[in-house]
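Asks: File my_file_20.cif below, mmCIF, C-alpha atoms:
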data_upload
#
loop_
_atom_site.label_atom_id
_atom_site.label_comp_id
_atom_site.auth_asym_id
_atom_site.auth_seq_id
_atom_site.Cartn_x
_atom_site.Cartn_y
_atom_site.Cartn_z
CA MET A 1 107.42 97.19 118.49
CA SER A 2 106.67 97.93 114.85
CA ASN A 3 108.58 95.78 112.39
CA LYS A 4 109.34 99.00 110.53
CA LEU A 5 111.72 99.89 113.34
CA GLN A 6 113.83 96.92 112.28
CA VAL A 7 116.43 97.99 109.76
CA LEU A 8 116.78 96.25 106.43
CA THR A 9 119.14 93.28 106.61
CA PRO A 10 120.29 90.70 104.06
CA GLN A 11 118.16 88.17 105.95
CA ASN A 12 114.83 90.01 106.13
CA SER A 13 114.70 91.53 102.63
CA GLN A 14 113.75 90.62 99.11
CA ILE A 15 113.46 92.88 96.08
CA ILE A 16 111.16 93.30 93.10
CA PHE A 17 111.83 95.28 89.95
CA ILE A 18 108.59 96.28 88.22
CA ASP A 19 108.44 97.21 84.53
CA GLN A 20 111.96 98.54 84.13
CA GLN A 21 111.38 98.68 80.39
CA PRO A 22 112.16 101.31 77.73
CA GLN A 23 108.62 102.32 76.78
CA MET A 24 107.86 102.92 80.44
CA ALA A 25 111.09 104.86 80.87
CA PHE A 26 110.23 107.07 77.87
CA GLY A 27 107.34 108.52 79.87
CA VAL A 28 109.38 109.26 83.00
CA GLN A 29 109.73 112.98 83.73
CA SER A 30 110.35 112.98 87.50
CA ILE A 31 114.04 111.98 87.32
CA ASP A 32 116.73 112.06 84.67
CA ARG A 33 116.36 108.75 82.88
CA GLN A 34 120.07 107.99 82.74
CA VAL A 35 120.27 108.61 86.49
CA LEU A 36 117.25 106.36 86.90
CA LYS A 37 118.92 103.50 85.02
CA ASN A 38 122.17 103.99 86.97
CA ASN A 39 120.25 103.74 90.24
CA VAL A 40 118.26 100.69 89.15
CA VAL A 41 121.38 98.82 88.10
CA GLY A 42 123.23 99.90 91.25
CA LEU A 43 120.36 98.59 93.35
CA ALA A 44 120.37 95.27 91.47
CA LYS A 45 124.11 94.91 92.02
CA ALA A 46 123.63 95.66 95.72
CA ALA A 47 121.03 92.90 95.94
CA LYS A 48 123.43 90.50 94.25
CA ILE A 49 126.25 91.33 96.67
CA PHE A 50 124.05 90.46 99.64
CA ASN A 51 122.29 87.49 98.03
CA ILE A 52 118.90 89.20 98.20
CA PRO A 53 116.23 87.20 96.32
CA THR A 54 115.27 89.21 93.25
CA THR A 55 112.01 89.17 91.31
CA ILE A 56 111.72 90.84 87.90
CA THR A 57 108.29 91.41 86.42
CA THR A 58 107.29 93.03 83.13
CA VAL A 59 104.13 94.16 81.37
CA GLU A 60 103.23 93.72 77.70
CA THR A 61 106.84 93.25 76.67
CA ASP A 62 106.27 92.34 73.02
CA SER A 63 103.26 94.50 72.28
CA PHE A 64 104.21 97.76 73.99
CA SER A 65 106.83 98.09 76.71
CA GLY A 66 109.93 96.49 75.23
CA ASN A 67 112.58 94.34 76.85
CA THR A 68 113.82 94.88 80.39
CA PHE A 69 116.92 97.09 80.58
CA PRO A 70 119.79 94.83 79.46
CA GLU A 71 122.05 96.30 82.12
CA LEU A 72 119.61 95.06 84.76
CA LEU A 73 119.29 91.60 83.24
CA ALA A 74 123.07 91.31 83.01
CA VAL A 75 123.26 91.50 86.81
CA VAL A 76 120.90 88.52 87.25
CA PRO A 77 121.07 86.67 83.92
CA SER A 78 119.52 83.46 85.24
CA ASN A 79 116.43 85.11 86.73
CA ASP A 80 113.04 84.29 85.29
CA ILE A 81 111.05 87.28 84.05
CA LEU A 82 107.42 87.25 85.15
CA GLU A 83 105.26 88.65 82.35
CA ARG A 84 101.87 90.25 83.08
CA THR A 85 98.94 91.97 81.43
CA SER A 86 97.77 93.90 84.50
CA MET A 87 99.35 97.20 85.47
CA ASN A 88 99.11 95.96 89.07
CA SER A 89 101.74 93.28 89.64
CA TRP A 90 99.78 91.96 92.60
CA ASP A 91 97.10 90.77 90.17
CA ASP A 92 99.52 88.16 88.81
CA GLN A 93 99.72 84.87 90.68
CA ASN A 94 103.29 84.18 89.58
CA VAL A 95 104.38 87.43 91.22
CA ARG A 96 102.47 86.59 94.41
CA ASP A 97 104.02 83.12 94.51
CA ALA A 98 107.56 84.43 94.00
CA LEU A 99 107.22 86.91 96.84
CA ALA A 100 105.47 84.40 99.11
CA LYS A 101 108.25 81.84 98.61
CA HIS A 102 110.83 84.21 100.07
CA ALA A 103 108.48 85.70 102.66
CA ALA A 104 108.10 82.18 104.05
CA ASP A 105 111.83 82.36 104.86
CA GLY A 106 111.30 85.54 106.89
CA ARG A 107 111.87 87.99 104.04
CA LYS A 108 108.77 90.11 104.52
CA LYS A 109 110.43 93.44 103.78
CA ILE A 110 109.82 93.95 100.06
CA VAL A 111 112.12 96.48 98.41
CA VAL A 112 110.43 97.87 95.29
CA ALA A 113 111.80 99.74 92.28
CA GLY A 114 109.43 100.28 89.38
CA LEU A 115 107.88 102.35 86.63
CA TRP A 116 105.64 104.27 86.93
CA THR A 117 105.46 105.36 90.55
CA GLU A 118 101.86 106.57 90.34
CA VAL A 119 100.50 103.45 88.64
CA CYS A 120 102.40 100.18 88.84
CA ASN A 121 104.22 100.94 92.09
CA THR A 122 101.26 102.41 93.94
CA THR A 123 98.71 99.76 93.00
CA PHE A 124 101.16 96.96 93.79
CA ALA A 125 102.12 98.43 97.16
CA LEU A 126 98.57 99.11 98.34
CA SER A 127 97.23 95.76 97.17
CA CYS A 128 100.12 93.77 98.56
CA MET A 129 99.87 95.40 101.98
CA HIS A 130 96.09 95.00 101.99
CA ASP A 131 96.34 91.24 101.46
CA THR A 132 99.48 90.34 103.46
CA ASP A 133 101.64 91.31 106.39
CA TYR A 134 104.53 92.26 104.09
CA GLU A 135 106.23 95.64 104.47
CA ILE A 136 106.94 97.73 101.38
CA TYR A 137 110.11 99.79 101.01
CA MET A 138 109.72 102.00 97.94
CA VAL A 139 113.01 103.05 96.34
CA ALA A 140 112.16 106.57 95.27
CA ASP A 141 115.23 107.22 93.13
CA ALA A 142 115.07 103.86 91.32
CA SER A 143 111.46 104.56 90.37
CA GLY A 144 109.95 107.27 88.19
CA GLY A 145 106.67 108.96 87.38
CA THR A 146 105.28 110.81 84.39
CA SER A 147 105.83 114.16 86.12
CA VAL A 148 107.43 115.47 89.28
CA ASP A 149 103.98 115.87 90.80
CA ALA A 150 102.89 112.38 89.73
CA HIS A 151 105.89 110.83 91.48
CA LYS A 152 105.66 113.04 94.56
CA TYR A 153 101.96 112.58 95.23
CA ALA A 154 102.16 108.85 94.56
CA MET A 155 104.98 108.60 97.10
CA ASP A 156 102.94 110.71 99.54
CA ARG A 157 99.90 108.47 99.08
CA MET A 158 101.94 105.34 99.67
CA VAL A 159 103.67 106.78 102.73
CA GLN A 160 100.28 107.69 104.20
CA ALA A 161 99.29 104.05 103.74
CA GLY A 162 102.41 102.79 105.52
CA VAL A 163 104.97 102.35 102.75
CA VAL A 164 108.54 103.22 103.78
CA PRO A 165 110.33 105.59 101.33
CA VAL A 166 114.02 104.88 100.74
CA THR A 167 116.77 105.55 98.21
CA TRP A 168 118.92 102.94 96.52
CA GLN A 169 122.16 103.91 98.26
CA GLN A 170 120.37 103.96 101.61
CA VAL A 171 119.28 100.37 100.99
CA LEU A 172 122.84 99.35 100.03
CA LEU A 173 124.39 100.84 103.15
CA GLU A 174 121.64 99.53 105.42
CA TRP A 175 122.40 96.02 104.16
CA GLN A 176 126.14 96.57 104.74
CA ARG A 177 125.59 98.28 108.11
CA ASP A 178 129.11 97.76 109.46
CA TRP A 179 132.35 98.34 107.56
CA ALA A 180 133.89 95.60 109.68
CA ARG A 181 131.88 93.11 107.59
CA LYS A 182 134.82 92.41 105.33
CA GLU A 183 133.10 89.70 103.30
CA THR A 184 131.12 92.37 101.44
CA TYR A 185 133.35 95.41 102.00
CA ASP A 186 135.28 95.27 98.72
CA ALA A 187 132.19 94.60 96.60
CA VAL A 188 130.24 97.43 98.23
CA THR A 189 133.01 99.99 97.82
CA ALA A 190 133.52 98.89 94.20
CA LEU A 191 129.79 99.37 93.57
CA VAL A 192 129.88 102.82 95.17
CA LYS A 193 132.81 103.84 92.98
CA GLU A 194 130.90 102.81 89.87
CA HIS A 195 127.38 104.03 90.63
CA SER A 196 127.44 106.57 93.49
CA GLY A 197 128.81 109.65 91.78
CA ALA A 198 130.56 112.05 94.15
CA TYR A 199 130.61 109.48 96.96
CA GLY A 200 132.54 107.11 94.70
CA MET A 201 134.89 109.89 93.61
CA GLY A 202 135.59 110.59 97.27
CA ILE A 203 136.52 106.97 97.92
CA ASP A 204 138.93 107.01 94.96
CA TYR A 205 140.51 110.20 96.29
CA ALA A 206 140.81 108.83 99.82
CA VAL A 207 142.43 105.61 98.62
CA THR A 208 145.06 107.33 96.50
CA HIS A 209 145.72 110.67 98.20
CA VAL A 210 144.97 109.95 101.85
CA HIS A 211 145.99 106.31 102.22
CA GLY A 212 148.60 106.17 99.45
CA GLY A 213 146.93 103.33 97.57
CA SER A 214 147.11 102.55 93.88
CA GLU A 215 144.76 103.92 91.27
CA ARG A 216 141.94 101.62 90.20
CA VAL A 217 143.01 101.55 86.56
CA SER A 218 146.28 101.42 84.70
CA HIS A 219 146.95 104.21 82.21
CA GLY A 220 149.60 105.84 80.12
CA LYS A 221 152.48 107.86 81.53
CA ARG A 222 151.71 111.19 83.16
CA ILE A 223 153.76 113.68 81.15
CA GLY A 224 154.58 117.26 82.09
CA PRO A 225 154.17 119.93 83.11
CA ASN A 226 156.04 121.49 80.20
CA PRO A 227 155.33 125.24 80.04
CA ALA A 228 155.41 126.60 76.51
CA ALA A 229 157.90 129.34 75.71
CA ILE A 230 156.37 132.80 75.65
#
Please express the file's structure as structure tokens.
Replies:
Amino acid sequence: MSNKLQVLTPQNSQIIFIDQQPQMAFGVQSIDRQVLKNNVVGLAKAAKIFNIPTTITTVETDSFSGNTFPELLAVVPSNDILERTSMNSWDDQNVRDALAKHAADGRKKIVVAGLWTEVCNTTFALSCMHDTDYEIYMVADASGGTSVDAHKYAMDRMVQAGVVPVTWQQVLLEWQRDWARKETYDAVTALVKEHSGAYGMGIDYAVTHVHGGSERVSHGKRIGPNPAAI
């Protein structure tokens, strides 16, 4: 049985964020950049909820790319940041060592979110799979390319080589798997409310108007209606 038929679990996964830096984001045209950042941060928070080992790697921070998104670093403030010169993260031994450390514990499913899809993500994925028995799960909506075509054809190329395409919310819910897992239930639903758009709005509505629960935030008095005189 192919290992790719095994779903992602908190025990078999680790995650790497590649070059989530402003100069790289400036060139992204395949996805709205604010949506991209929302998805990256949501994915990082998901990893934190499930204690997924997280690697952050950057390229040419001081000379070109700028600092990693602060919202991402705020999720994992104690993480080391592995700096590189190569566009291909697999060329850096520190990156290889970080991934190998967790793979030795059975975490051979590598969840990847990076910029740009057609360069840093593709070269890393192909090289990593060539040299190891790791599986790559490419988070399409927490990654971005310099055009819609650049992202699409890079994803197509990786899929043809055996990379598994996923989305950030798919990864979150695959890790949760069962709503009876109460130890992570509250954190997951809180994350969804904050980062999952309409899905989060639906949870808020269900809590208050279906189940009669309280609103998430306190606010001033609701006044009115008070129709004006004609």
Asks: Output as CSV one row per residue of range 33-147 of chain A within 7 Å of range 156-166 of chain A: the closest atom pair and its distance in Å to one decimal place, counting all atoms listed in the file, sorted by chain and residue number ascending.
Replies:
residue,atom,partner,partner_atom,distance
A:Thr122,CA,A:Met158,CA,6.5
A:Ile136,CA,A:Val163,CA,5.2
A:Tyr137,CA,A:Val164,CA,4.7
A:Met138,CA,A:Pro165,CA,5.0
A:Val139,CA,A:Val166,CA,4.9
A:Ala140,CA,A:Val166,CA,6.0
Asks: Near Gln176 in chain A, counting all atoms listed in the file, which residues have an atom at most 10 Å away, once you skip same-chain residues fewer than 3 positions from it, shown as a list in words?
Replies: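 Here the qualifying residues turn out to be Leu8, Thr9, Pro10, Ala46, Ile49, Phe50, Gln170, Val171, Leu172, Leu173, Trp179, Ala180, Arg181, Lys182, Glu183, Thr184, Tyr185 and Val188 of chain A.
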Asks: Take the residues that were just selected and, keeping C-alpha atoms, output them as a short mmCIF file (atom, residue, chain, number, x, y, z; two decimals), in the frame of the given file.
Replies:
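For reference, part-v5.cif as written:
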data_model
loop_
_atom_site.label_atom_id
_atom_site.label_comp_id
_atom_site.auth_asym_id
_atom_site.auth_seq_id
_atom_site.Cartn_x
_atom_site.Cartn_y
_atom_site.Cartn_z
CA LEU A 8 116.78 96.25 106.43
CA THR A 9 119.14 93.28 106.61
CA PRO A 10 120.29 90.70 104.06
CA ALA A 46 123.63 95.66 95.72
CA ILE A 49 126.25 91.33 96.67
CA PHE A 50 124.05 90.46 99.64
CA GLN A 170 120.37 103.96 101.61
CA VAL A 171 119.28 100.37 100.99
CA LEU A 172 122.84 99.35 100.03
CA LEU A 173 124.39 100.84 103.15
CA TRP A 179 132.35 98.34 107.56
CA ALA A 180 133.89 95.60 109.68
CA ARG A 181 131.88 93.11 107.59
CA LYS A 182 134.82 92.41 105.33
CA GLU A 183 133.10 89.70 103.30
CA THR A 184 131.12 92.37 101.44
CA TYR A 185 133.35 95.41 102.00
CA VAL A 188 130.24 97.43 98.23
#
Asks: Convert the output of the PyMOL selection byres ((chain A and resi 191) around 10) on the shown file into explicit residues, formatted as a list in words.
Replies: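 What the PyMOL selection byres ((chain A and resi 191) around 10) grabs from the file is Gly42, Leu43, Lys45, Ala46, Ile49, Leu172, Tyr185, Asp186, Ala187, Val188, Thr189, Ala190, Val192, Lys193, Glu194, His195, Ser196 and Gly200 of chain A.
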Asks: Produce a file of the selected residues containing C-alpha atoms, as a CSV table (one decimal), keeping the file's coordinate frame.
Replies:
chain,number,residue,atom,x,y,z
A,42,GLY,CA,123.2,99.9,91.2
A,43,LEU,CA,120.4,98.6,93.4
A,45,LYS,CA,124.1,94.9,92.0
A,46,ALA,CA,123.6,95.7,95.7
A,49,ILE,CA,126.2,91.3,96.7
A,172,LEU,CA,122.8,99.4,100.0
A,185,TYR,CA,133.4,95.4,102.0
A,186,ASP,CA,135.3,95.3,98.7
A,187,ALA,CA,132.2,94.6,96.6
A,188,VAL,CA,130.2,97.4,98.2
A,189,THR,CA,133.0,100.0,97.8
A,190,ALA,CA,133.5,98.9,94.2
A,192,VAL,CA,129.9,102.8,95.2
A,193,LYS,CA,132.8,103.8,93.0
A,194,GLU,CA,130.9,102.8,89.9
A,195,HIS,CA,127.4,104.0,90.6
A,196,SER,CA,127.4,106.6,93.5
A,200,GLY,CA,132.5,107.1,94.7
Asks: Kindly give the distance, in Å, that separates CA of Thr85 in chain A and CA of Ser127 in chain A, rounded to a single decimal.
Replies: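 Taking CA of Thr85 in chain A and CA of Ser127 in chain A, their separation equals 16.3 Å.
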Asks: Name the closest residue to Cys120 in chain A among the candidates A:Lys101, A:Ile18, A:Gly224, A:Trp175; distances are taken between atoms, counting all atoms listed in the file.
Replies: A:Ile18
Asks: For Phe17 in chain A, which residue out of A:Glu60, A:Asp80, A:Asp204, A:Asp178 is the nearest one, using only C-alpha atoms?
Replies: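 Closest candidate: A:Asp80.
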Asks: One decimal, in Å: what's the spacing between CA of Arg177 in chain A and CA of Val95 in chain A?
Replies: 29.2 Å
Asks: Excluding Pro77 in chain A and its own-chain neighbours fewer than 2 positions away, which residues fall within 12 Å of it when counting all atoms listed in the file? Please give them as a list in words.
Replies: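 The residues satisfying every condition are Ala44, Lys45, Lys48, Thr54, Thr55, Ile56, Thr68, Phe69, Pro70, Glu71, Leu72, Leu73, Ala74, Val75, Asn79, Asp80 and Ile81 of chain A.
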Asks: With 12 Å as the threshold, what does the neighbourhood of (110.1, 98.7, 113.0) contain in terms of residues, counting only C-alpha atoms? Coordinates are those of the file; answer as a ChimeraX atom specification.
Replies: /A:1-8,109,135,162,164
Asks: Choose the residue, out of A:Ile230, A:Met129, A:Ala103, A:Val28, that has the smallest atom-to-atom separation from Val148 in chain A; count all atoms listed in the file.
Replies: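 So, comparing all the options, the nearest one is A:Val28.
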Asks: Could you pull the residues within 10 Å of Ala25 in chain A, counting all atoms listed in the file, minus those fewer than 2 positions along the same chain, as a tab-separated table (two decimals) with C-alpha atoms, in the coordinates of the input?
Replies:
chain	number	residue	atom	x	y	z
A	19	ASP	CA	108.44	97.21	84.53
A	20	GLN	CA	111.96	98.54	84.13
A	21	GLN	CA	111.38	98.68	80.39
A	22	PRO	CA	112.16	101.31	77.73
A	23	GLN	CA	108.62	102.32	76.78
A	27	GLY	CA	107.34	108.52	79.87
A	28	VAL	CA	109.38	109.26	83.00
A	29	GLN	CA	109.73	112.98	83.73
A	32	ASP	CA	116.73	112.06	84.67
A	33	ARG	CA	116.36	108.75	82.88
A	34	GLN	CA	120.07	107.99	82.74
A	36	LEU	CA	117.25	106.36	86.90
A	37	LYS	CA	118.92	103.50	85.02
A	65	SER	CA	106.83	98.09	76.71
A	69	PHE	CA	116.92	97.09	80.58
A	114	GLY	CA	109.43	100.28	89.38
A	115	LEU	CA	107.88	102.35	86.63
A	116	TRP	CA	105.64	104.27	86.93
A	143	SER	CA	111.46	104.56	90.37
A	144	GLY	CA	109.95	107.27	88.19
A	145	GLY	CA	106.67	108.96	87.38
A	146	THR	CA	105.28	110.81	84.39
Asks: What does the structure give for the distance between CA of Asn67 in chain A and CA of Asp149 in chain A, in Å to one decimal?
Replies: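 The value is 27.1 Å.
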Asks: Between A:Ala228, A:Val59, A:Val35, A:Ile52, single out the one closest to Ile110 in chain A, counting only C-alpha atoms.
Replies: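 Nearest to Ile110 in chain A: A:Ile52.
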Asks: Pick the closest to Asp91 in chain A from A:Asp131, A:Glu174, A:Glu118, A:Glu215: which is it, counting only C-alpha atoms?
Replies: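 Of A:Asp131, A:Glu174, A:Glu118, A:Glu215, the one nearest Asp91 in chain A is A:Asp131, counting only C-alpha atoms.
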Asks: Would you mind writing range 104-137 of chain A with N, CA and C atoms, as a tab-separated table (two decimals), in the frame of the given file?
Replies:
chain	number	residue	atom	x	y	z
A	104	ALA	N	108.18	83.35	103.17
A	104	ALA	CA	108.10	82.18	104.05
A	104	ALA	C	109.42	81.93	104.77
A	105	ASP	N	110.51	82.47	104.22
A	105	ASP	CA	111.83	82.36	104.86
A	105	ASP	C	112.12	83.55	105.75
A	106	GLY	N	111.12	84.38	106.02
A	106	GLY	CA	111.30	85.54	106.89
A	106	GLY	C	111.61	86.82	106.16
A	107	ARG	N	111.54	86.79	104.83
A	107	ARG	CA	111.87	87.99	104.04
A	107	ARG	C	110.59	88.74	103.70
A	108	LYS	N	110.05	89.41	104.70
A	108	LYS	CA	108.77	90.11	104.52
A	108	LYS	C	108.94	91.59	104.25
A	109	LYS	N	110.17	92.05	104.17
A	109	LYS	CA	110.43	93.44	103.78
A	109	LYS	C	110.70	93.43	102.28
A	110	ILE	N	109.75	93.98	101.51
A	110	ILE	CA	109.82	93.95	100.06
A	110	ILE	C	110.35	95.29	99.56
A	111	VAL	N	111.53	95.28	99.01
A	111	VAL	CA	112.12	96.48	98.41
A	111	VAL	C	111.63	96.56	96.97
A	112	VAL	N	111.10	97.72	96.59
A	112	VAL	CA	110.43	97.87	95.29
A	112	VAL	C	111.07	99.00	94.49
A	113	ALA	N	111.35	98.72	93.22
A	113	ALA	CA	111.80	99.74	92.28
A	113	ALA	C	111.06	99.53	90.98
A	114	GLY	N	110.26	100.51	90.56
A	114	GLY	CA	109.43	100.28	89.38
A	114	GLY	C	109.02	101.53	88.65
A	115	LEU	N	108.43	101.31	87.50
A	115	LEU	CA	107.88	102.35	86.63
A	115	LEU	C	106.42	102.00	86.32
A	116	TRP	N	105.50	102.93	86.42
A	116	TRP	CA	105.64	104.27	86.93
A	116	TRP	C	105.23	104.29	88.39
A	117	THR	N	105.74	105.27	89.12
A	117	THR	CA	105.46	105.36	90.55
A	117	THR	C	103.97	105.45	90.84
A	118	GLU	N	103.26	106.27	90.03
A	118	GLU	CA	101.86	106.57	90.34
A	118	GLU	C	100.90	105.47	89.89
A	119	VAL	N	101.39	104.51	89.13
A	119	VAL	CA	100.50	103.45	88.64
A	119	VAL	C	100.97	102.10	89.17
A	120	CYS	N	101.98	101.55	88.53
A	120	CYS	CA	102.40	100.18	88.84
A	120	CYS	C	102.94	100.05	90.26
A	121	ASN	N	103.68	101.03	90.73
A	121	ASN	CA	104.22	100.94	92.09
A	121	ASN	C	103.13	101.10	93.14
A	122	THR	N	102.28	102.11	92.94
A	122	THR	CA	101.26	102.41	93.94
A	122	THR	C	100.24	101.28	94.06
A	123	THR	N	99.73	100.81	92.94
A	123	THR	CA	98.71	99.76	93.00
A	123	THR	C	99.28	98.47	93.59
A	124	PHE	N	100.52	98.15	93.22
A	124	PHE	CA	101.16	96.96	93.79
A	124	PHE	C	101.31	97.11	95.30
A	125	ALA	N	101.85	98.24	95.73
A	125	ALA	CA	102.12	98.43	97.16
A	125	ALA	C	100.84	98.36	97.99
A	126	LEU	N	99.81	99.09	97.57
A	126	LEU	CA	98.57	99.11	98.34
A	126	LEU	C	97.90	97.74	98.37
A	127	SER	N	97.87	97.06	97.23
A	127	SER	CA	97.23	95.76	97.17
A	127	SER	C	97.99	94.71	97.96
A	128	CYS	N	99.29	94.73	97.84
A	128	CYS	CA	100.12	93.77	98.56
A	128	CYS	C	99.96	93.94	100.07
A	129	MET	N	100.01	95.18	100.54
A	129	MET	CA	99.87	95.40	101.98
A	129	MET	C	98.47	95.08	102.46
A	130	HIS	N	97.47	95.30	101.60
A	130	HIS	CA	96.09	95.00	101.99
A	130	HIS	C	95.90	93.51	102.24
A	131	ASP	N	96.58	92.68	101.43
A	131	ASP	CA	96.34	91.24	101.46
A	131	ASP	C	97.33	90.45	102.31
A	132	THR	N	98.42	91.07	102.75
A	132	THR	CA	99.48	90.34	103.46
A	132	THR	C	99.98	91.14	104.65
A	133	ASP	N	100.94	90.57	105.34
A	133	ASP	CA	101.64	91.31	106.39
A	133	ASP	C	103.04	91.73	105.94
A	134	TYR	N	103.24	91.80	104.62
A	134	TYR	CA	104.53	92.26	104.09
A	134	TYR	C	104.68	93.77	104.32
A	135	GLU	N	105.92	94.22	104.40
A	135	GLU	CA	106.23	95.64	104.47
A	135	GLU	C	106.83	96.06	103.14
A	136	ILE	N	106.46	97.23	102.66
A	136	ILE	CA	106.94	97.73	101.38
A	136	ILE	C	107.91	98.88	101.60
A	137	TYR	N	109.08	98.75	100.99
A	137	TYR	CA	110.11	99.79	101.01
A	137	TYR	C	110.28	100.28	99.58
